[in-house]
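Student: My structure is in work_38.txt, and what it holds is compact mmCIF, C-alpha atoms:
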# COMPACT_ATOMS: atom_id res chain seq x y z
CA MET A 275 3.89 -2.10 -7.76
CA ASN A 276 0.24 -1.24 -8.44
CA ALA A 277 -0.60 2.28 -9.52
CA LEU A 278 -2.10 4.55 -6.89
CA SER A 279 -5.72 5.63 -7.17
CA TYR A 280 -6.80 8.82 -5.43
CA GLY A 281 -10.11 10.15 -4.20
CA LEU A 282 -12.23 11.53 -1.40
CA ILE A 283 -12.66 9.38 1.69
CA ALA A 284 -14.69 9.86 4.86
CA ALA A 285 -12.44 10.96 7.71
CA ASP A 286 -13.78 8.17 9.91
CA ASP A 287 -13.54 5.46 7.23
CA PRO A 288 -11.86 2.43 8.87
CA ALA A 289 -9.53 2.16 5.84
CA LEU A 290 -7.80 5.36 7.03
CA ALA A 291 -7.20 4.07 10.57
CA PRO A 292 -3.87 2.26 9.93
CA LEU A 293 -2.34 5.30 8.19
CA ILE A 294 -3.68 7.65 10.87
CA ALA A 295 -2.00 5.39 13.45
CA ASP A 296 1.28 5.53 11.48
CA HIS A 297 0.99 9.32 11.36
CA ALA A 298 0.47 9.49 15.14
CA ALA A 299 3.38 7.09 15.78
CA HIS A 300 5.70 9.17 13.58
CA SER A 301 4.72 12.33 15.47
CA ALA A 302 5.11 10.66 18.87
CA ALA A 303 8.55 9.31 17.94
CA HIS A 304 9.90 12.78 17.13
CA TYR A 305 7.88 15.37 19.04
CA PRO A 306 6.70 15.80 22.64
CA GLY A 307 2.99 15.31 23.29
CA GLU A 308 2.26 19.01 23.72
CA SER A 309 3.64 19.63 20.21
CA ASN A 310 1.57 16.92 18.51
CA HIS A 311 -1.58 18.09 16.77
CA HIS A 312 -2.66 14.92 14.96
CA GLN A 313 -6.26 13.72 15.25
CA ASP A 314 -7.91 10.34 14.81
CA GLY A 315 -10.60 9.68 12.23
CA ALA A 316 -13.49 10.42 14.59
CA ALA A 317 -11.98 13.78 15.57
CA LEU A 318 -11.30 14.65 11.92
CA ALA A 319 -14.91 13.77 11.06
CA ALA A 320 -16.20 15.84 13.98
CA ILE A 321 -14.42 18.97 12.69
CA GLY A 322 -15.73 18.40 9.17
CA ALA A 323 -12.37 17.58 7.60
CA VAL A 324 -12.45 16.86 3.88
CA MET A 325 -10.05 13.95 3.42
CA PHE A 326 -8.34 12.39 0.42
CA ALA A 327 -6.67 8.99 0.18
CA GLY A 328 -4.22 7.35 -2.15
CA ARG A 329 -4.70 3.59 -2.41
CA LEU A 330 -2.67 0.82 -3.94
CA GLY A 331 -4.90 -0.16 -6.84
CA ALA A 332 -8.58 0.68 -6.99
CA ALA A 333 -9.51 -0.82 -3.61
CA GLY A 334 -6.19 -1.59 -1.93
CA PRO A 335 -4.84 -0.25 1.35
CA VAL A 336 -4.61 3.49 1.97
CA VAL A 337 -0.96 4.51 1.62
CA ALA A 338 -1.29 8.31 1.41
CA MET A 339 -3.70 10.75 3.02
CA GLY A 340 -4.36 14.38 3.70
CA GLY A 341 -7.20 16.80 3.99
CA TYR A 342 -8.34 20.17 5.15
CA LYS A 343 -10.81 21.79 7.48
CA LEU A 344 -12.41 25.18 7.27
CA ILE A 345 -11.16 27.65 9.88
CA GLY A 346 -13.03 30.70 8.65
CA PRO A 347 -15.44 31.77 5.93
CA ARG A 348 -12.72 31.68 3.25
CA ALA A 349 -9.85 30.10 5.18
CA ALA A 350 -8.76 26.50 5.71
CA GLU A 351 -6.07 24.41 7.38
CA VAL A 352 -4.30 21.39 5.88
CA LYS A 353 -4.74 18.37 8.17
CA SER A 354 -3.14 14.95 8.54
CA MET A 355 -0.81 14.74 5.56
CA HIS A 356 1.00 11.39 5.63
CA VAL A 357 2.47 8.89 3.19
CA THR A 358 3.68 5.39 4.08
CA GLN A 359 7.44 5.27 4.42
CA ALA A 360 7.84 2.93 1.43
CA LEU A 361 6.23 5.50 -0.90
CA GLN A 362 7.73 8.70 0.47
CA GLY A 363 9.51 10.78 -2.14
CA GLN A 364 7.56 9.26 -5.05
CA GLY A 365 4.97 12.01 -5.54
CA ALA A 366 2.04 10.66 -3.53
CA GLY A 367 2.19 13.53 -1.01
CA ALA A 368 2.36 16.13 -3.77
CA HIS A 369 -0.64 14.53 -5.47
CA ILE A 370 -2.69 14.54 -2.26
CA LEU A 371 -1.70 18.16 -1.58
CA GLY A 372 -2.75 19.11 -5.11
CA LEU A 373 -6.16 17.50 -4.54
CA ILE A 374 -6.54 19.43 -1.28
CA LEU A 375 -5.65 22.76 -2.86
CA ASP A 376 -7.92 22.21 -5.87
CA HIS A 377 -10.89 21.10 -3.76
CA ALA A 378 -10.46 23.96 -1.27
CA ARG A 379 -10.23 26.49 -4.12
CA ARG A 380 -13.43 25.14 -5.70
CA ALA A 381 -15.10 25.36 -2.26
CA GLY A 382 -14.34 29.09 -2.11
CA VAL A 383 -11.29 28.99 0.16
CA LEU A 384 -8.96 31.91 -0.54
CA HIS A 385 -6.29 31.27 2.09
CA ILE A 386 -4.93 27.95 3.41
CA SER A 387 -2.47 27.40 6.26
CA LEU A 388 -0.82 24.50 8.03
CA GLU A 389 1.28 23.47 11.01
CA THR A 390 4.16 21.03 10.61
CA GLY A 391 7.16 19.99 12.65
CA SER A 392 10.41 21.96 12.83
CA LEU A 393 12.76 19.01 13.37
CA PRO A 394 14.67 17.08 10.65
CA ALA A 395 11.98 14.35 10.75
CA SER A 396 9.62 16.83 9.07
CA ALA A 397 12.09 18.32 6.56
CA ALA A 398 10.55 16.49 3.58
CA ALA A 399 7.11 17.82 4.48
CA ARG A 400 8.44 21.37 4.72
CA ARG A 401 10.08 20.99 1.28
CA LEU A 402 6.80 19.70 -0.17
CA TYR A 403 4.86 22.64 1.22
CA SER A 404 7.47 25.17 0.06
CA ARG A 405 7.39 23.72 -3.47
CA ALA A 406 3.59 24.11 -3.39
CA GLY A 407 3.88 27.83 -2.63
CA PHE A 408 3.53 27.86 1.15
CA VAL A 409 5.60 30.38 3.11
CA THR A 410 6.25 30.60 6.83
CA CYS A 411 3.85 32.64 8.92
CA PRO A 412 3.03 33.26 12.60
CA PRO A 413 0.83 30.80 14.50
CA PHE A 414 -2.82 30.95 13.41
CA GLY A 415 -6.14 29.84 14.89
CA ASP A 416 -5.71 28.19 18.29
CA TYR A 417 -2.01 27.42 17.79
CA LYS A 418 0.58 28.94 20.08
CA ASP A 419 4.19 29.73 19.27
CA ASP A 420 6.14 26.46 19.66
CA PRO A 421 9.78 25.84 18.71
CA MET A 422 8.71 22.36 17.57
CA SER A 423 6.27 23.82 15.01
CA ILE A 424 6.55 25.65 11.73
CA PHE A 425 3.47 27.49 10.49
CA MET A 426 2.98 28.02 6.77
CA THR A 427 0.36 29.65 4.58
CA ARG A 428 -0.52 30.49 0.98
CA THR A 429 -3.21 32.15 -1.06
CA LEU A 430 -5.30 30.04 -3.42
The structure in this file should be written as structure tokens.
Tutor:
Amino acid sequence: MNALSYGLIAADDPALAPLIADHAAHSAAHYPGESNHHQDGAALAAIGAVMFAGRLGAAGPVVAMGGYKLIGPRAAEVKSMHVTQALQGQGAGAHILGLILDHARRAGVLHISLETGSLPASAAARRLYSRAGFVTCPPFGDYKDDPMSIFMTRTL
């Protein structure tokens, strides 16, 4: 297998579209519509999301993604973390999350939060976030309490 290359990518870059679609399909397969908070590339671009991609090789397909958006002067939210099924558990998600945290810290973010699913289908994501220092917290921003959601946060 080719090595992964990582870097910034525009949220509305067409190369992200297949992975964004996979992310939405995964969410739709496990969670009801009112508990899905995924966004397409245009919506991510509209909110100013800073996105990162992992590609197979230097210019291959995007197989891992994630980003963040500012939600306050020194606060951010992790958005759209997803890794293709074939590469899950091999460190790509942790690498993307590390890029997000480093970039957000350099941008002056002091506090970063996220929403993820509460069902077994999202257990690996919750483990990743816990290993990265995130702890559970109440809903933040526009989120409402939802038994299908887990809210997590950490200081940078």
Student: Given the choices A:Ala360, A:Met325, A:Leu282, A:Met426, which gets closest to Phe408 (chain A) if the distance is worked out from all atoms listed in the file?
Tutor: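 Smallest separation from Phe408 (chain A) among the options: A:Met426.
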Student: CA of Ile294 (chain A) to CA of Met339 (chain A): how many Å, to one decimal?
Tutor: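 We find that CA of Ile294 (chain A) and CA of Met339 (chain A) lie 8.4 Å from each other.
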Student: For the point (-18.0, 17.0, 12.2) in the file's frame, write as a ChimeraX atom specification all residues with an atom no more than 12 Å away, counting all atoms listed in the file.
Tutor: /A:284-286,315-324,343-344
Student: Can you list, as a count of residues only, every protein, DNA or RNA residue that comes within 12 Å of Asn310 (chain A) when you count all atoms listed in the file, leaving out same-chain residues fewer than 4 positions away?
Tutor: 19
Student: Would you pick out the contacts of Leu278 (chain A) at 6 Å or less, using all atoms listed in the file, so that residues sharing its chain but fewer than 6 positions from it are not included, and give the list as a PDB file with C-alpha atoms, keeping the file's coordinate frame?
Tutor:
ATOM      1  CA  GLY A 328      -4.220   7.350  -2.150  1.00  0.00           C
ATOM      2  CA  ARG A 329      -4.700   3.590  -2.410  1.00  0.00           C
ATOM      3  CA  LEU A 330      -2.670   0.820  -3.940  1.00  0.00           C
ATOM      4  CA  GLY A 331      -4.900  -0.160  -6.840  1.00  0.00           C
TER       5      GLY A 331
END
